[in-house]
Structures are given as C-alpha cells and as structure tokens.
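J.: This is run39.cif (mmCIF, C-alpha atoms).
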data_entry
#
loop_
_atom_site.label_atom_id
_atom_site.label_comp_id
_atom_site.auth_asym_id
_atom_site.auth_seq_id
_atom_site.Cartn_x
_atom_site.Cartn_y
_atom_site.Cartn_z
CA MET P 841 150.79 61.47 155.78
CA ASN P 842 150.04 62.15 152.12
CA LEU P 843 151.66 58.85 151.12
CA LYS P 844 149.58 57.04 153.73
CA ASN P 845 146.37 58.68 152.44
CA ALA P 846 147.30 57.84 148.85
CA ALA P 847 147.93 54.21 149.82
CA LEU P 848 144.59 54.00 151.63
CA GLY P 849 142.84 55.56 148.63
CA LEU P 850 144.40 53.13 146.17
CA THR P 851 143.52 50.21 148.45
CA ALA P 852 139.90 51.39 148.64
CA ILE P 853 139.71 51.76 144.84
CA ALA P 854 141.22 48.30 144.34
CA ALA P 855 138.73 46.78 146.82
CA LEU P 856 135.84 48.55 145.10
CA ALA P 857 137.01 47.33 141.68
CA ALA P 858 137.39 43.76 142.92
CA PHE P 859 133.99 43.67 144.64
CA PRO P 860 131.90 42.39 141.68
CA LEU P 861 134.46 39.67 140.97
CA VAL P 862 134.48 38.54 144.60
CA SER P 863 130.74 38.90 145.17
CA GLY P 864 129.36 37.51 141.92
CA ASN P 865 125.86 38.41 143.14
CA PRO P 866 124.04 40.68 140.66
CA TYR P 867 121.86 42.19 143.40
CA TYR P 868 124.80 43.33 145.52
CA ILE P 869 126.69 44.54 142.46
CA HIS P 870 123.71 46.69 141.47
CA LEU P 871 123.30 47.92 145.06
CA VAL P 872 126.91 49.12 145.33
CA GLU P 873 126.61 50.62 141.84
CA THR P 874 123.59 52.66 143.00
CA ILE P 875 125.45 53.78 146.13
CA MET P 876 128.33 55.03 143.96
CA ILE P 877 125.90 56.94 141.72
CA TYR P 878 124.27 58.58 144.74
CA ALA P 879 127.73 59.40 146.11
CA ILE P 880 128.45 61.47 142.99
CA VAL P 881 125.29 63.51 143.70
CA LEU P 882 126.41 63.96 147.29
CA PHE P 883 129.86 65.22 146.29
CA GLY P 884 128.10 68.09 144.55
CA LEU P 885 125.45 68.59 147.23
CA ASP P 886 128.19 68.82 149.86
CA ILE P 887 129.70 71.80 148.03
CA VAL P 888 126.40 73.70 148.28
CA VAL P 889 125.25 72.56 151.73
CA GLY P 890 128.53 71.78 153.47
CA TYR P 891 130.93 74.35 152.04
CA THR P 892 128.76 77.36 151.20
CA GLY P 893 126.09 76.74 153.83
CA GLN P 894 123.09 76.91 151.45
CA VAL P 895 120.16 74.50 151.76
CA SER P 896 119.07 73.10 148.40
CA LEU P 897 115.96 70.96 148.00
CA GLY P 898 116.16 70.86 144.21
CA HIS P 899 118.79 68.20 143.60
CA ALA P 900 116.28 65.49 142.79
CA GLY P 901 115.17 67.72 139.90
CA LEU P 902 118.74 68.19 138.69
CA PHE P 903 119.30 64.45 139.03
CA GLY P 904 116.19 63.89 136.91
CA ILE P 905 117.38 66.38 134.29
CA GLY P 906 120.60 64.39 133.89
CA ALA P 907 118.70 61.11 133.63
CA TYR P 908 116.21 62.42 131.08
CA THR P 909 118.90 64.16 129.02
CA ALA P 910 120.55 60.78 128.54
CA GLY P 911 117.22 59.01 128.06
CA VAL P 912 115.90 61.44 125.43
CA LEU P 913 119.19 61.44 123.49
CA ILE P 914 119.11 57.65 123.39
CA LEU P 915 115.40 57.50 122.52
CA LYS P 916 115.48 60.15 119.78
CA LEU P 917 119.04 59.94 118.41
CA ASP P 918 120.43 56.62 119.67
CA ALA P 919 123.35 58.64 121.06
CA PRO P 920 126.40 56.77 122.44
CA VAL P 921 127.43 56.94 126.10
CA TYR P 922 130.38 59.24 125.40
CA ALA P 923 127.87 61.78 124.07
CA THR P 924 125.07 61.33 126.61
CA LEU P 925 127.23 61.71 129.75
CA PRO P 926 128.81 65.07 128.73
CA ALA P 927 125.41 66.28 127.48
CA ALA P 928 123.78 65.41 130.81
CA ILE P 929 126.52 67.27 132.68
CA ALA P 930 126.16 70.35 130.45
CA VAL P 931 122.34 70.49 130.50
CA ALA P 932 122.16 70.02 134.27
CA ALA P 933 124.82 72.72 134.76
CA VAL P 934 122.77 75.16 132.64
CA PHE P 935 119.64 74.40 134.69
CA GLY P 936 121.71 74.78 137.86
CA ALA P 937 122.74 78.26 136.72
CA MET P 938 119.13 79.09 135.82
CA LEU P 939 118.07 78.02 139.31
CA ALA P 940 120.93 79.77 141.10
CA LEU P 941 120.71 83.19 139.43
CA PRO P 942 117.28 84.08 140.91
CA ALA P 943 117.26 81.69 143.90
CA LEU P 944 120.45 82.97 145.49
CA ARG P 945 118.93 86.43 145.84
CA VAL P 946 117.27 84.96 148.94
CA THR P 947 118.68 82.96 151.86
CA GLY P 948 117.70 80.50 154.56
CA PRO P 949 114.21 78.95 154.40
CA TYR P 950 113.28 81.12 151.40
CA LEU P 951 116.10 79.55 149.36
CA ALA P 952 114.96 76.09 150.45
CA MET P 953 111.42 76.88 149.28
CA VAL P 954 112.60 78.19 145.90
CA THR P 955 114.73 75.10 145.25
CA LEU P 956 111.89 72.84 146.40
CA ALA P 957 109.56 74.55 143.93
CA PHE P 958 112.18 74.04 141.19
CA GLY P 959 112.31 70.30 141.86
CA THR P 960 108.51 70.07 141.79
CA ILE P 961 108.29 72.02 138.53
CA ILE P 962 110.90 69.77 136.88
CA GLN P 963 108.94 66.66 137.90
CA ILE P 964 105.73 68.14 136.46
CA LEU P 965 107.46 69.12 133.21
CA ILE P 966 108.92 65.65 132.78
CA ASN P 967 105.47 64.19 133.34
CA GLU P 968 103.66 66.57 130.96
CA MET P 969 106.14 66.88 128.04
CA THR P 970 105.09 63.59 126.50
CA PHE P 971 106.40 64.57 123.05
CA LEU P 972 109.91 64.55 124.49
CA THR P 973 109.94 62.46 127.66
CA GLU P 974 107.14 59.93 126.96
CA GLY P 975 105.44 61.30 130.10
CA PRO P 976 104.16 58.79 132.68
CA MET P 977 105.10 55.91 130.39
CA GLY P 978 108.78 56.58 131.03
CA ILE P 979 111.76 55.64 128.88
CA THR P 980 113.33 52.20 128.65
CA LEU P 981 117.09 51.96 128.07
CA THR P 982 119.74 49.28 127.83
CA LYS P 983 123.25 49.18 129.20
CA PRO P 984 125.51 51.36 126.99
CA LYS P 985 127.97 50.28 124.36
CA LEU P 986 131.59 51.39 124.60
CA PHE P 987 133.41 51.43 121.26
CA GLY P 988 130.83 49.02 119.88
CA HIS P 989 131.04 46.62 122.82
CA PRO P 990 127.83 46.27 124.89
CA LEU P 991 128.70 46.50 128.59
CA ASP P 992 127.46 43.82 130.96
CA GLU P 993 126.57 44.52 134.61
CA VAL P 994 130.15 44.15 135.89
CA GLU P 995 131.68 46.25 133.12
CA TYR P 996 129.09 48.97 133.68
CA TYR P 997 129.87 48.83 137.42
CA TRP P 998 133.50 49.60 136.55
CA LEU P 999 132.41 52.51 134.33
CA VAL P 1000 130.39 53.97 137.23
CA MET P 1001 133.37 53.44 139.54
CA ALA P 1002 135.65 55.30 137.09
CA CYS P 1003 133.17 58.22 137.04
CA LEU P 1004 133.04 58.16 140.85
CA VAL P 1005 136.83 58.37 141.13
CA ALA P 1006 136.99 61.12 138.49
CA ALA P 1007 134.26 63.09 140.32
CA LEU P 1008 136.06 62.66 143.65
CA ILE P 1009 139.37 63.89 142.20
CA PHE P 1010 137.60 66.84 140.55
CA VAL P 1011 135.83 67.88 143.78
CA HIS P 1012 139.05 67.46 145.78
CA ARG P 1013 140.89 69.75 143.36
CA VAL P 1014 138.09 72.33 143.43
CA LEU P 1015 137.89 72.41 147.23
CA HIS P 1016 141.66 72.83 147.55
CA SER P 1017 141.73 75.67 145.03
CA GLN P 1018 140.85 79.34 145.30
CA LEU P 1019 137.22 78.39 144.68
CA GLY P 1020 137.18 76.03 147.66
CA ARG P 1021 138.70 78.64 149.95
CA ALA P 1022 136.09 81.15 148.79
CA PHE P 1023 133.30 78.63 149.47
CA GLU P 1024 134.52 78.08 153.03
CA ALA P 1025 134.82 81.84 153.58
CA LEU P 1026 131.19 82.25 152.49
CA ARG P 1027 130.05 79.67 154.99
CA GLY P 1028 132.01 81.37 157.78
CA SER P 1029 130.88 84.95 157.13
CA PRO P 1030 129.33 86.17 153.87
CA VAL P 1031 129.58 89.81 154.97
CA ALA P 1032 133.29 89.56 155.79
CA SER P 1033 133.92 87.70 152.52
CA ASP P 1034 132.20 90.45 150.55
CA CYS P 1035 134.30 93.07 152.32
CA MET P 1036 137.46 91.17 151.39
CA GLY P 1037 136.54 91.17 147.69
CA VAL P 1038 135.01 87.69 147.47
CA SER P 1039 131.75 88.11 145.57
CA VAL P 1040 129.21 86.20 147.66
CA TYR P 1041 126.63 85.94 144.90
CA ARG P 1042 129.05 84.93 142.14
CA TYR P 1043 130.73 82.18 144.15
CA LYS P 1044 127.37 80.82 145.30
CA VAL P 1045 126.37 80.54 141.64
CA TYR P 1046 129.65 78.73 140.90
CA ALA P 1047 128.88 76.27 143.71
CA PHE P 1048 125.39 75.59 142.35
CA VAL P 1049 126.63 75.07 138.80
CA ILE P 1050 129.35 72.61 139.88
CA SER P 1051 126.87 70.78 142.11
CA ALA P 1052 124.27 70.62 139.32
CA ALA P 1053 126.83 69.25 136.85
CA LEU P 1054 127.69 66.38 139.21
CA ALA P 1055 123.97 65.69 139.76
CA GLY P 1056 123.53 65.55 135.97
CA LEU P 1057 126.37 63.05 135.61
CA ALA P 1058 124.88 60.89 138.36
CA GLY P 1059 121.43 61.09 136.79
CA SER P 1060 122.66 59.88 133.42
CA LEU P 1061 124.53 56.98 135.05
CA TYR P 1062 121.38 56.13 137.01
CA ALA P 1063 119.31 55.99 133.83
CA TYR P 1064 121.66 53.39 132.34
CA SER P 1065 121.87 51.51 135.62
CA GLU P 1066 118.10 51.16 136.15
CA GLN P 1067 117.39 50.82 132.40
CA TYR P 1068 114.06 52.58 132.99
CA ILE P 1069 113.25 56.14 134.06
CA SER P 1070 109.89 57.70 134.95
CA PRO P 1071 108.82 61.06 136.44
CA ASN P 1072 107.79 59.61 139.81
CA THR P 1073 111.38 58.68 140.61
CA TYR P 1074 112.59 62.28 140.96
CA ASN P 1075 110.35 63.45 143.78
CA PHE P 1076 110.69 65.27 147.09
CA GLU P 1077 111.42 62.04 148.96
CA LEU P 1078 114.56 61.55 146.84
CA THR P 1079 115.80 65.04 147.74
CA VAL P 1080 115.23 64.33 151.43
CA MET P 1081 117.17 61.08 151.10
CA PHE P 1082 120.09 62.96 149.50
CA LEU P 1083 120.12 65.49 152.35
#
Here is the file; what I need is its structure written in the form of structure tokens.

T.:
Amino acid sequence: MNLKNAALGLTAIAALAAFPLVSGNPYYIHLVETIMIYAIVLFGLDIVVGYTGQVSLGHAGLFGIGAYTAGVLILKLDAPVYATLPAAIAVAAVFGAMLALPALRVTGPYLAMVTLAFGTIIQILINEMTFLTEGPMGITLTKPKLFGHPLDEVEYYWLVMACLVAALIFVHRVLHSQLGRAFEALRGSPVASDCMGVSVYRYKVYAFVISAALAGLAGSLYAYSEQYISPNTYNFELTVMFL
C-alpha cells in the first residue's frame, strides 16, 4: 500500500511539473501556481482547524505578514529569494505565537473573534505604516533571481511546486509524529488529554506557530507571483475563502 501511495504521489508530482510545458498558456500556469500557494496556507490551516479543532479567522493576516515581509525586504534591502522566504516564515511564526499566547486562553466563538480582530488589525497596520509598507500604494516586485538567474513564469512555477512538496512532506512528518498524535488527542477530548499529561495550551500554541509559518511561506511566494501587494488583498473575504 505504501509503495502504491508513493507511486501515485510521484505520478502527481511529475504531472504537476509537466503542466506548464504541456499547457503553454500563461494564464493557466499562473492559476495553478496560485492554487499551489493557497494549498500551502491550507496545509497549515488544517493543522489548527482540522487536527486541533480550533477556528482561526486570522490566517489572511498571517498570509499578509509573509507577503509584506518579503516585499519590504526587497524594497528596502533588495534581499534575494533565499533570504526573503526564510524571513517570511520566521516573522509569520513569531506573529503566530504572539496571536496564540493570549488567544488560546479562550475557545469556540471567542477564539474566532480574537483571531478575526488580529487579521483586521494587521490589515490596518499594513495600510497605515507607510514608512515601511508604502501604505495604500502597495509594493511592486519582480520575479526573483536564483543564483543570479532571473526566473521566468515557468521556472517560478517550479519553485512554488518545490515549496509545495516540501511543505506537504513537512506537514506529513509532523502529523505522524508525537506532535500530530497530541493534536488529534486535543481535538477528541482536551480534558482527557490534559489528564494524560498532554499540555492542551502548549500544543495548541505549537499548532498555531506551525500553521503561521506555512502561511508566511505562502504569503511570500504570493508576493513574487502577483508582483504587486497592497493592504486590501489580505481582508476578511480571503480568510473566509481559506476556510
């Protein structure tokens, strides 16, 4: 069964990699690229919503933090892609921890309201911090360079695909580890998990941090993909679409 799954996975990856060569249509290439970027967000959101049973309405904000981390580093420092992607992951993970530490003291609709407020605050900050984010004017980017070589649309598609596969492998390993088993236990019964020595609060924070890091990665890839980012993109409607 494992060999069959591995064969199916490799076939799917090969088909995904061959798509831009077979299609040749820039619109469809960009569309599939965007779907892959959103899938990375959903891998992380699934850990919070699907595995720990928490409702988060703040992932559009975390997605925006990743995008603007990359955008600001490029605008101010002309940073390369191998610096902007890790930075976006790290900054989004820090904000995820900052959100989780107070937010996870509450549950249910109260948690949803706290995370919704977080997303709204992030959008307002992006809009108002013109000295850093250019405010409503937004930030214009170009496709990244890799070892001095500027990537075209197809090459960037393959970079996004590589990040998608890496994110999928990472999430698979996490969910089949002790962390993943703890997450599922929390969803089943937080009280029983606490009695068995699984710290409900600590593992919920872990889930939020991992989820935020993946949202940050996706946001930075999205910034390069669209080549323009503005505050209005990261709104409540985007969070609803993710859910």

J.: Using the chain letters and numbers from the file, which residues does the PyMOL selection byres ((chain P and resi 912-923) around 10) grab, as a PDB file with C-alpha atoms, in the coordinates of the input?

T.:
ATOM      1  CA  ALA P 907     118.700  61.110 133.630  1.00  0.00           C
ATOM      2  CA  TYR P 908     116.210  62.420 131.080  1.00  0.00           C
ATOM      3  CA  THR P 909     118.900  64.160 129.020  1.00  0.00           C
ATOM      4  CA  ALA P 910     120.550  60.780 128.540  1.00  0.00           C
ATOM      5  CA  GLY P 911     117.220  59.010 128.060  1.00  0.00           C
ATOM      6  CA  THR P 924     125.070  61.330 126.610  1.00  0.00           C
ATOM      7  CA  LEU P 925     127.230  61.710 129.750  1.00  0.00           C
ATOM      8  CA  PRO P 926     128.810  65.070 128.730  1.00  0.00           C
ATOM      9  CA  ALA P 927     125.410  66.280 127.480  1.00  0.00           C
ATOM     10  CA  ALA P 928     123.780  65.410 130.810  1.00  0.00           C
ATOM     11  CA  LEU P 972     109.910  64.550 124.490  1.00  0.00           C
ATOM     12  CA  THR P 973     109.940  62.460 127.660  1.00  0.00           C
ATOM     13  CA  GLU P 974     107.140  59.930 126.960  1.00  0.00           C
ATOM     14  CA  ILE P 979     111.760  55.640 128.880  1.00  0.00           C
ATOM     15  CA  THR P 980     113.330  52.200 128.650  1.00  0.00           C
ATOM     16  CA  LEU P 981     117.090  51.960 128.070  1.00  0.00           C
ATOM     17  CA  THR P 982     119.740  49.280 127.830  1.00  0.00           C
ATOM     18  CA  LYS P 983     123.250  49.180 129.200  1.00  0.00           C
ATOM     19  CA  PRO P 984     125.510  51.360 126.990  1.00  0.00           C
ATOM     20  CA  LYS P 985     127.970  50.280 124.360  1.00  0.00           C
ATOM     21  CA  LEU P 986     131.590  51.390 124.600  1.00  0.00           C
ATOM     22  CA  PHE P 987     133.410  51.430 121.260  1.00  0.00           C
ATOM     23  CA  GLY P 988     130.830  49.020 119.880  1.00  0.00           C
ATOM     24  CA  SER P1060     122.660  59.880 133.420  1.00  0.00           C
ATOM     25  CA  LEU P1061     124.530  56.980 135.050  1.00  0.00           C
ATOM     26  CA  TYR P1064     121.660  53.390 132.340  1.00  0.00           C
TER      27      TYR P1064
END

J.: For atom CA of P:Met953 and atom CA of P:Ile966, quote the distance in Å rounded to one decimal.

T.: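 Atom CA of P:Ile966 lies at a distance of 20.1 Å from atom CA of P:Met953.
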
J.: Which residues, written as a ChimeraX atom specification, have at least one atom at most 7 Å from P:Trp998, with all atoms listed in the file counted and residues fewer than 4 positions away on the same chain left out?

T.: /P:857,994,1002

J.: Save out the residues we just selected, C-alpha atoms, as a PDB file, in the frame of the given file.

T.:
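Below is the file selection_4.pdb, written as the result:
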ATOM      1  CA  ALA P 857     137.010  47.330 141.680  1.00  0.00           C
ATOM      2  CA  VAL P 994     130.150  44.150 135.890  1.00  0.00           C
ATOM      3  CA  ALA P1002     135.650  55.300 137.090  1.00  0.00           C
TER       4      ALA P1002
END

J.: Using only C-alpha atoms, pick whichever of P:Val1014, P:His870, P:Phe903, P:Gln963 has the shortest atom-to-atom distance to P:Gln1067.

T.: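 Checking each candidate against P:Gln1067, we get P:His870 as the closest.
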
J.: One decimal, in Å: what's the spacing between atom CA of P:Ile964 and atom CA of P:Ile880?

T.: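 Atom-to-atom, atom CA of P:Ile964 and atom CA of P:Ile880 are spaced 24.6 Å apart.
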